[in-house]
$ cat query.pdb   # PDB, C-alpha atoms
ATOM      1  CA  MET A   1      62.887  61.561 185.023  1.00  0.00           C
ATOM      2  CA  ARG A   2      64.665  63.355 182.142  1.00  0.00           C
ATOM      3  CA  ILE A   3      68.399  63.905 182.567  1.00  0.00           C
ATOM      4  CA  LEU A   4      70.858  65.318 180.047  1.00  0.00           C
ATOM      5  CA  VAL A   5      74.623  65.010 180.385  1.00  0.00           C
ATOM      6  CA  LEU A   6      76.005  67.658 178.052  1.00  0.00           C
ATOM      7  CA  GLY A   7      79.673  67.864 177.131  1.00  0.00           C
ATOM      8  CA  VAL A   8      80.749  71.143 175.600  1.00  0.00           C
ATOM      9  CA  GLY A   9      84.033  72.411 174.277  1.00  0.00           C
ATOM     10  CA  ASN A  10      86.304  72.818 171.318  1.00  0.00           C
ATOM     11  CA  ILE A  11      88.515  69.785 170.729  1.00  0.00           C
ATOM     12  CA  LEU A  12      90.835  71.935 168.571  1.00  0.00           C
ATOM     13  CA  LEU A  13      91.926  74.011 171.602  1.00  0.00           C
ATOM     14  CA  SER A  14      93.763  71.563 173.892  1.00  0.00           C
ATOM     15  CA  ASP A  15      91.988  71.213 177.265  1.00  0.00           C
ATOM     16  CA  GLU A  16      88.973  73.190 175.987  1.00  0.00           C
ATOM     17  CA  GLY A  17      87.749  69.864 174.611  1.00  0.00           C
ATOM     18  CA  ILE A  18      87.593  68.069 177.968  1.00  0.00           C
ATOM     19  CA  GLY A  19      83.801  68.288 178.270  1.00  0.00           C
ATOM     20  CA  VAL A  20      83.408  66.481 174.958  1.00  0.00           C
ATOM     21  CA  ARG A  21      85.974  63.856 175.998  1.00  0.00           C
ATOM     22  CA  ILE A  22      84.146  63.269 179.312  1.00  0.00           C
ATOM     23  CA  VAL A  23      80.814  62.502 177.626  1.00  0.00           C
ATOM     24  CA  GLU A  24      82.537  60.280 175.061  1.00  0.00           C
ATOM     25  CA  ALA A  25      84.099  58.248 177.881  1.00  0.00           C
ATOM     26  CA  LEU A  26      80.765  58.122 179.735  1.00  0.00           C
ATOM     27  CA  GLU A  27      79.002  56.621 176.716  1.00  0.00           C
ATOM     28  CA  GLU A  28      81.837  54.222 175.917  1.00  0.00           C
ATOM     29  CA  ARG A  29      82.351  52.878 179.410  1.00  0.00           C
ATOM     30  CA  TYR A  30      79.021  52.962 181.242  1.00  0.00           C
ATOM     31  CA  HIS A  31      75.563  51.473 180.898  1.00  0.00           C
ATOM     32  CA  LEU A  32      73.130  54.324 181.531  1.00  0.00           C
ATOM     33  CA  PRO A  33      69.420  54.198 182.303  1.00  0.00           C
ATOM     34  CA  GLU A  34      67.064  55.180 179.486  1.00  0.00           C
ATOM     35  CA  CYS A  35      66.167  58.410 181.277  1.00  0.00           C
ATOM     36  CA  VAL A  36      69.751  59.661 180.769  1.00  0.00           C
ATOM     37  CA  GLU A  37      70.634  61.241 177.442  1.00  0.00           C
ATOM     38  CA  VAL A  38      74.268  62.030 176.636  1.00  0.00           C
ATOM     39  CA  LEU A  39      75.037  64.773 174.137  1.00  0.00           C
ATOM     40  CA  ASP A  40      78.255  66.109 172.641  1.00  0.00           C
ATOM     41  CA  GLY A  41      77.342  69.777 172.373  1.00  0.00           C
ATOM     42  CA  GLY A  42      80.716  70.762 170.960  1.00  0.00           C
ATOM     43  CA  THR A  43      80.705  74.520 170.445  1.00  0.00           C
ATOM     44  CA  ALA A  44      76.979  74.780 169.715  1.00  0.00           C
ATOM     45  CA  GLY A  45      75.038  77.601 171.269  1.00  0.00           C
ATOM     46  CA  MET A  46      71.345  78.325 170.852  1.00  0.00           C
ATOM     47  CA  GLU A  47      70.945  75.056 168.935  1.00  0.00           C
ATOM     48  CA  LEU A  48      71.071  73.376 172.358  1.00  0.00           C
ATOM     49  CA  ILE A  49      67.927  75.067 173.681  1.00  0.00           C
ATOM     50  CA  GLY A  50      65.658  72.177 172.628  1.00  0.00           C
ATOM     51  CA  PRO A  51      67.769  69.378 174.120  1.00  0.00           C
ATOM     52  CA  MET A  52      68.354  71.361 177.349  1.00  0.00           C
ATOM     53  CA  ALA A  53      64.724  72.436 177.892  1.00  0.00           C
ATOM     54  CA  ASP A  54      62.536  71.025 180.652  1.00  0.00           C
ATOM     55  CA  ARG A  55      65.077  68.591 182.073  1.00  0.00           C
ATOM     56  CA  ASP A  56      64.811  67.262 185.586  1.00  0.00           C
ATOM     57  CA  HIS A  57      68.595  67.547 185.781  1.00  0.00           C
ATOM     58  CA  LEU A  58      71.088  69.081 183.367  1.00  0.00           C
ATOM     59  CA  ILE A  59      74.693  68.046 183.967  1.00  0.00           C
ATOM     60  CA  ILE A  60      77.283  70.017 181.998  1.00  0.00           C
ATOM     61  CA  ALA A  61      80.906  68.898 181.569  1.00  0.00           C
ATOM     62  CA  ASP A  62      83.218  71.739 180.540  1.00  0.00           C
ATOM     63  CA  VAL A  63      86.394  73.660 181.319  1.00  0.00           C
ATOM     64  CA  VAL A  64      86.244  76.432 183.909  1.00  0.00           C
ATOM     65  CA  LEU A  65      88.496  79.393 184.594  1.00  0.00           C
ATOM     66  CA  SER A  66      89.582  79.391 188.192  1.00  0.00           C
ATOM     67  CA  SER A  67      92.498  80.428 190.343  1.00  0.00           C
ATOM     68  CA  GLN A  68      92.813  76.772 191.333  1.00  0.00           C
ATOM     69  CA  GLN A  69      95.595  74.625 189.937  1.00  0.00           C
ATOM     70  CA  ALA A  70      95.271  73.320 186.380  1.00  0.00           C
ATOM     71  CA  GLY A  71      93.598  69.920 186.432  1.00  0.00           C
ATOM     72  CA  SER A  72      91.460  70.764 189.466  1.00  0.00           C
ATOM     73  CA  ILE A  73      87.854  69.645 189.261  1.00  0.00           C
ATOM     74  CA  LEU A  74      85.012  71.883 190.399  1.00  0.00           C
ATOM     75  CA  VAL A  75      81.430  70.801 190.908  1.00  0.00           C
ATOM     76  CA  LEU A  76      78.988  73.706 190.873  1.00  0.00           C
ATOM     77  CA  ARG A  77      75.267  73.433 191.373  1.00  0.00           C
ATOM     78  CA  ASP A  78      72.193  75.431 190.429  1.00  0.00           C
ATOM     79  CA  ASP A  79      72.667  79.182 191.050  1.00  0.00           C
ATOM     80  CA  GLU A  80      76.465  78.819 191.178  1.00  0.00           C
ATOM     81  CA  VAL A  81      76.600  77.819 187.493  1.00  0.00           C
ATOM     82  CA  PRO A  82      75.249  80.833 185.517  1.00  0.00           C
ATOM     83  CA  ALA A  83      77.523  83.203 187.472  1.00  0.00           C
ATOM     84  CA  LEU A  84      80.509  81.258 186.169  1.00  0.00           C
ATOM     85  CA  PHE A  85      79.706  82.209 182.590  1.00  0.00           C
ATOM     86  CA  THR A  86      80.248  85.919 183.256  1.00  0.00           C
ATOM     87  CA  ARG A  87      83.951  85.088 182.744  1.00  0.00           C
ATOM     88  CA  LYS A  88      84.052  83.649 179.267  1.00  0.00           C
ATOM     89  CA  ILE A  89      86.981  81.536 178.158  1.00  0.00           C
ATOM     90  CA  SER A  90      85.728  80.496 174.746  1.00  0.00           C
ATOM     91  CA  PRO A  91      83.111  81.408 172.148  1.00  0.00           C
ATOM     92  CA  HIS A  92      80.849  78.451 173.016  1.00  0.00           C
ATOM     93  CA  GLN A  93      80.326  79.720 176.546  1.00  0.00           C
ATOM     94  CA  LEU A  94      78.606  82.841 175.282  1.00  0.00           C
ATOM     95  CA  GLY A  95      76.118  80.565 173.560  1.00  0.00           C
ATOM     96  CA  LEU A  96      75.679  78.371 176.629  1.00  0.00           C
ATOM     97  CA  SER A  97      75.046  81.407 178.819  1.00  0.00           C
ATOM     98  CA  ASP A  98      72.462  82.631 176.301  1.00  0.00           C
ATOM     99  CA  VAL A  99      70.737  79.239 176.287  1.00  0.00           C
ATOM    100  CA  LEU A 100      70.536  79.168 180.096  1.00  0.00           C
ATOM    101  CA  SER A 101      69.083  82.701 180.076  1.00  0.00           C
ATOM    102  CA  ALA A 102      66.565  81.786 177.374  1.00  0.00           C
ATOM    103  CA  LEU A 103      65.475  78.719 179.341  1.00  0.00           C
ATOM    104  CA  HIS A 104      64.766  80.982 182.321  1.00  0.00           C
ATOM    105  CA  LEU A 105      62.716  83.335 180.173  1.00  0.00           C
ATOM    106  CA  THR A 106      60.628  80.520 178.692  1.00  0.00           C
ATOM    107  CA  ASP A 107      60.157  78.731 182.031  1.00  0.00           C
ATOM    108  CA  GLU A 108      61.955  75.669 180.634  1.00  0.00           C
ATOM    109  CA  PHE A 109      65.008  75.873 182.917  1.00  0.00           C
ATOM    110  CA  PRO A 110      66.068  72.486 184.313  1.00  0.00           C
ATOM    111  CA  GLN A 111      64.928  71.660 187.835  1.00  0.00           C
ATOM    112  CA  ARG A 112      68.548  70.968 188.787  1.00  0.00           C
ATOM    113  CA  LEU A 113      71.760  72.136 187.139  1.00  0.00           C
ATOM    114  CA  THR A 114      75.238  70.751 187.813  1.00  0.00           C
ATOM    115  CA  LEU A 115      78.510  71.747 186.203  1.00  0.00           C
ATOM    116  CA  VAL A 116      81.480  69.414 186.429  1.00  0.00           C
ATOM    117  CA  GLY A 117      84.340  71.654 185.389  1.00  0.00           C
ATOM    118  CA  VAL A 118      88.039  71.111 184.884  1.00  0.00           C
ATOM    119  CA  VAL A 119      90.575  73.921 185.207  1.00  0.00           C
ATOM    120  CA  PRO A 120      92.571  73.860 181.941  1.00  0.00           C
ATOM    121  CA  GLU A 121      96.332  73.908 181.617  1.00  0.00           C
ATOM    122  CA  SER A 122      96.168  75.190 178.041  1.00  0.00           C
ATOM    123  CA  LEU A 123      93.594  76.540 175.618  1.00  0.00           C
ATOM    124  CA  GLU A 124      96.095  76.910 172.803  1.00  0.00           C
ATOM    125  CA  PRO A 125      95.284  75.493 169.366  1.00  0.00           C
ATOM    126  CA  HIS A 126      96.188  71.804 169.526  1.00  0.00           C
ATOM    127  CA  ILE A 127      94.175  68.654 168.936  1.00  0.00           C
ATOM    128  CA  GLY A 128      94.228  66.606 172.124  1.00  0.00           C
ATOM    129  CA  LEU A 129      94.306  67.236 175.832  1.00  0.00           C
ATOM    130  CA  THR A 130      97.453  68.229 177.685  1.00  0.00           C
ATOM    131  CA  LEU A 131      98.925  65.688 180.120  1.00  0.00           C
ATOM    132  CA  THR A 132      97.171  67.609 182.902  1.00  0.00           C
ATOM    133  CA  GLY A 133      93.873  67.430 181.035  1.00  0.00           C
ATOM    134  CA  GLN A 134      94.344  63.713 180.406  1.00  0.00           C
ATOM    135  CA  ALA A 135      95.013  63.159 184.122  1.00  0.00           C
ATOM    136  CA  ALA A 136      91.864  65.111 185.058  1.00  0.00           C
ATOM    137  CA  LEU A 137      89.612  63.170 182.683  1.00  0.00           C
ATOM    138  CA  GLU A 138      89.121  60.125 184.939  1.00  0.00           C
ATOM    139  CA  PRO A 139      88.350  62.044 188.149  1.00  0.00           C
ATOM    140  CA  ALA A 140      85.970  64.351 186.246  1.00  0.00           C
ATOM    141  CA  LEU A 141      84.221  61.346 184.708  1.00  0.00           C
ATOM    142  CA  ARG A 142      83.847  59.820 188.189  1.00  0.00           C
ATOM    143  CA  LYS A 143      82.258  63.085 189.398  1.00  0.00           C
ATOM    144  CA  VAL A 144      79.684  62.933 186.577  1.00  0.00           C
ATOM    145  CA  VAL A 145      78.920  59.314 187.503  1.00  0.00           C
ATOM    146  CA  GLU A 146      78.594  60.322 191.189  1.00  0.00           C
ATOM    147  CA  VAL A 147      76.099  63.041 190.243  1.00  0.00           C
ATOM    148  CA  LEU A 148      74.047  60.522 188.262  1.00  0.00           C
ATOM    149  CA  ARG A 149      74.149  57.989 191.097  1.00  0.00           C
ATOM    150  CA  SER A 150      73.082  60.689 193.573  1.00  0.00           C
ATOM    151  CA  GLU A 151      69.808  60.724 191.601  1.00  0.00           C
ATOM    152  CA  GLY A 152      69.306  57.100 192.627  1.00  0.00           C
ATOM    153  CA  LEU A 153      70.206  55.865 189.149  1.00  0.00           C
ATOM    154  CA  GLU A 154      71.981  52.630 188.397  1.00  0.00           C
ATOM    155  CA  VAL A 155      75.094  53.542 186.435  1.00  0.00           C
ATOM    156  CA  ILE A 156      77.237  50.465 185.827  1.00  0.00           C
ATOM    157  CA  ALA A 157      80.670  50.331 184.261  1.00  0.00           C
ATOM    158  CA  LYS A 158      80.573  48.093 181.186  1.00  0.00           C
ATOM    159  CA  GLU A 159      83.605  46.170 182.536  1.00  0.00           C
ATOM    160  CA  GLU A 160      81.722  45.423 185.778  1.00  0.00           C
ATOM    161  CA  SER A 161      78.719  44.082 183.876  1.00  0.00           C
ATOM    162  CA  LEU A 162      80.979  41.540 182.122  1.00  0.00           C
ATOM    163  CA  HIS A 163      81.927  40.032 185.501  1.00  0.00           C
ATOM    164  CA  VAL A 164      78.365  39.667 186.770  1.00  0.00           C
TER
END
$ encode --input "query.pdb" --output "structure tokens"
Amino acid sequence: MRILVLGVGNILLSDEGIGVRIVEALEERYHLPECVEVLDGGTAGMELIGPMADRDHLIIADVVLSSQQAGSILVLRDDEVPALFTRKISPHQLGLSDVLSALHLTDEFPQRLTLVGVVPESLEPHIGLTLTGQAALEPALRKVVEVLRSEGLEVIAKEESLHV
């Protein structure tokens, strides 16, 4: 099995950086099976086509525009995800949409696609998440871990492994 957890976003634009912060926390705090690769995609676009190609499961952590309250967490799967990118909130999403389209054209689209998205409070220039973004980080991280565990994978918090 080949799984990629991809965090995307711009850490210079407040909550826009939450996807990057989620994957950083995942790597810092969890032991992951070898079949799981974690990648900080930042604001990269077509450069991600190689890492995203032919995955059994691609899990993307990012911000999402929604009418829901700031800090809300949305989990979208498969066909629900590309439709989201018709409403762009940052330059990197244009690139991500292009990569997903290119993967379809080359028959390298992941077998499963999941987006764990957080509704931002602010996208203004500022290094660091808002208080709302900070509060959403833990629940969003837990959602990513739940998605990985739903694959039957053993994902163990590093703190838990110290007590074993």
$ residues_around --input "query.pdb" --residues "Val119 of chain A" --least-positions-apart "5" --cutoff "6 Å" --atoms "only C-alpha atoms" --output "PDB file with C-alpha atoms, keeping the file's coordinate frame"
ATOM      1  CA  VAL A  63      86.394  73.660 181.319  1.00  0.00           C
ATOM      2  CA  VAL A  64      86.244  76.432 183.909  1.00  0.00           C
ATOM      3  CA  LEU A  65      88.496  79.393 184.594  1.00  0.00           C
ATOM      4  CA  ALA A  70      95.271  73.320 186.380  1.00  0.00           C
ATOM      5  CA  GLY A  71      93.598  69.920 186.432  1.00  0.00           C
ATOM      6  CA  SER A  72      91.460  70.764 189.466  1.00  0.00           C
TER       7      SER A  72
END
$ residues_around --input "query.pdb" --residues "Ser122 of chain A" --least-positions-apart "4" --cutoff "10 Å" --atoms "all atoms listed in the file" --output "list in words"
Leu13, Ser14, Asp15, Glu16, Ala70, His126, Leu129, Thr130, Thr132 and Gly133 of chain A
$ residues_around --input "query.pdb" --residues "segment 50-62 of chain A" --least-positions-apart "2" --cutoff "6 Å" --atoms "only C-alpha atoms" --output "list in words"
Arg2, Ile3, Leu4, Val5, Leu6, Gly7, Val8, Gly19, Leu48, Glu108, Phe109, Pro110, Gln111, Arg112, Leu113, Thr114, Leu115, Val116 and Gly117 of chain A
$ resolve_selection --input "query.pdb" --expression "the PyMOL selection byres ((chain A and resi 47) around 12)" --output "MDAnalysis selection string"
chainID A and resid 41:46 48:53 92 95:96 98:100 102
$ atom_distance --input "query.pdb" --atom1 "atom CA of Val118 of chain A" --atom2 "atom CA of Pro33 of chain A"
25.3 Å
$ build_atoms --input "query.pdb" --residues "segment 20-31 of chain A" --atoms "all heavy atoms" --output "short mmCIF file (atom, residue, chain, number, x, y, z; two decimals), keeping the file's coordinate frame"
data_model
loop_
_atom_site.label_atom_id
_atom_site.label_comp_id
_atom_site.auth_asym_id
_atom_site.auth_seq_id
_atom_site.Cartn_x
_atom_site.Cartn_y
_atom_site.Cartn_z
N VAL A 20 83.75 67.43 176.02
CA VAL A 20 83.41 66.48 174.96
C VAL A 20 84.03 65.12 175.26
O VAL A 20 83.38 64.07 175.12
CB VAL A 20 83.87 67.02 173.59
CG1 VAL A 20 83.73 65.97 172.51
CG2 VAL A 20 83.10 68.29 173.23
N ARG A 21 85.29 65.12 175.69
CA ARG A 21 85.97 63.86 176.00
C ARG A 21 85.33 63.13 177.19
O ARG A 21 85.26 61.91 177.22
CB ARG A 21 87.46 64.10 176.25
CG ARG A 21 88.20 64.70 175.07
CD ARG A 21 88.08 63.83 173.85
NE ARG A 21 88.78 64.42 172.71
CZ ARG A 21 88.39 64.31 171.47
NH1 ARG A 21 87.30 63.64 171.16
NH2 ARG A 21 89.07 64.87 170.50
N ILE A 22 84.81 63.88 178.15
CA ILE A 22 84.15 63.27 179.31
C ILE A 22 82.89 62.53 178.87
O ILE A 22 82.66 61.39 179.27
CB ILE A 22 83.83 64.34 180.38
CG1 ILE A 22 85.13 64.83 181.04
CG2 ILE A 22 82.86 63.79 181.44
CD1 ILE A 22 84.95 66.08 181.90
N VAL A 23 82.05 63.17 178.04
CA VAL A 23 80.81 62.50 177.63
C VAL A 23 81.10 61.33 176.69
O VAL A 23 80.37 60.34 176.70
CB VAL A 23 79.75 63.46 177.04
CG1 VAL A 23 79.31 64.48 178.09
CG2 VAL A 23 80.21 64.14 175.77
N GLU A 24 82.16 61.43 175.89
CA GLU A 24 82.54 60.28 175.06
C GLU A 24 82.90 59.08 175.94
O GLU A 24 82.44 57.96 175.69
CB GLU A 24 83.74 60.63 174.16
CG GLU A 24 83.42 61.55 173.02
CD GLU A 24 84.65 62.00 172.25
OE1 GLU A 24 85.80 61.77 172.72
OE2 GLU A 24 84.46 62.56 171.17
N ALA A 25 83.70 59.33 176.97
CA ALA A 25 84.10 58.25 177.88
C ALA A 25 82.90 57.70 178.64
O ALA A 25 82.79 56.48 178.86
CB ALA A 25 85.16 58.76 178.85
N LEU A 26 81.97 58.57 179.03
CA LEU A 26 80.76 58.12 179.74
C LEU A 26 79.97 57.14 178.87
O LEU A 26 79.57 56.07 179.34
CB LEU A 26 79.90 59.33 180.10
CG LEU A 26 78.62 59.05 180.87
CD1 LEU A 26 78.92 58.49 182.25
CD2 LEU A 26 77.79 60.33 180.98
N GLU A 27 79.76 57.50 177.62
CA GLU A 27 79.00 56.62 176.72
C GLU A 27 79.74 55.32 176.41
O GLU A 27 79.13 54.27 176.33
CB GLU A 27 78.69 57.34 175.41
CG GLU A 27 77.52 58.28 175.52
CD GLU A 27 77.04 58.74 174.15
OE1 GLU A 27 77.86 59.21 173.35
OE2 GLU A 27 75.82 58.60 173.91
N GLU A 28 81.05 55.41 176.24
CA GLU A 28 81.84 54.22 175.92
C GLU A 28 81.91 53.23 177.07
O GLU A 28 81.92 52.03 176.86
CB GLU A 28 83.28 54.62 175.56
CG GLU A 28 83.47 55.19 174.20
CD GLU A 28 84.92 55.64 173.97
OE1 GLU A 28 85.82 55.21 174.74
OE2 GLU A 28 85.15 56.42 173.04
N ARG A 29 81.97 53.74 178.29
CA ARG A 29 82.35 52.88 179.41
C ARG A 29 81.26 52.58 180.42
O ARG A 29 81.49 51.81 181.35
CB ARG A 29 83.55 53.51 180.10
CG ARG A 29 84.72 53.53 179.12
CD ARG A 29 85.95 54.24 179.57
NE ARG A 29 86.19 54.25 180.98
CZ ARG A 29 86.91 55.19 181.58
NH1 ARG A 29 87.43 56.16 180.89
NH2 ARG A 29 87.10 55.15 182.87
N TYR A 30 80.08 53.18 180.25
CA TYR A 30 79.02 52.96 181.24
C TYR A 30 77.70 52.60 180.57
O TYR A 30 77.38 53.11 179.51
CB TYR A 30 78.82 54.22 182.10
CG TYR A 30 79.94 54.43 183.08
CD1 TYR A 30 81.06 55.16 182.73
CD2 TYR A 30 79.89 53.87 184.35
CE1 TYR A 30 82.12 55.35 183.62
CE2 TYR A 30 80.93 54.06 185.25
CZ TYR A 30 82.04 54.79 184.87
OH TYR A 30 83.07 54.95 185.76
N HIS A 31 76.96 51.74 181.25
CA HIS A 31 75.56 51.47 180.90
C HIS A 31 74.75 52.51 181.65
O HIS A 31 74.86 52.64 182.87
CB HIS A 31 75.13 50.07 181.35
CG HIS A 31 75.81 48.96 180.61
ND1 HIS A 31 75.52 48.66 179.30
CD2 HIS A 31 76.77 48.09 181.00
CE1 HIS A 31 76.26 47.64 178.92
NE2 HIS A 31 77.03 47.28 179.92
#
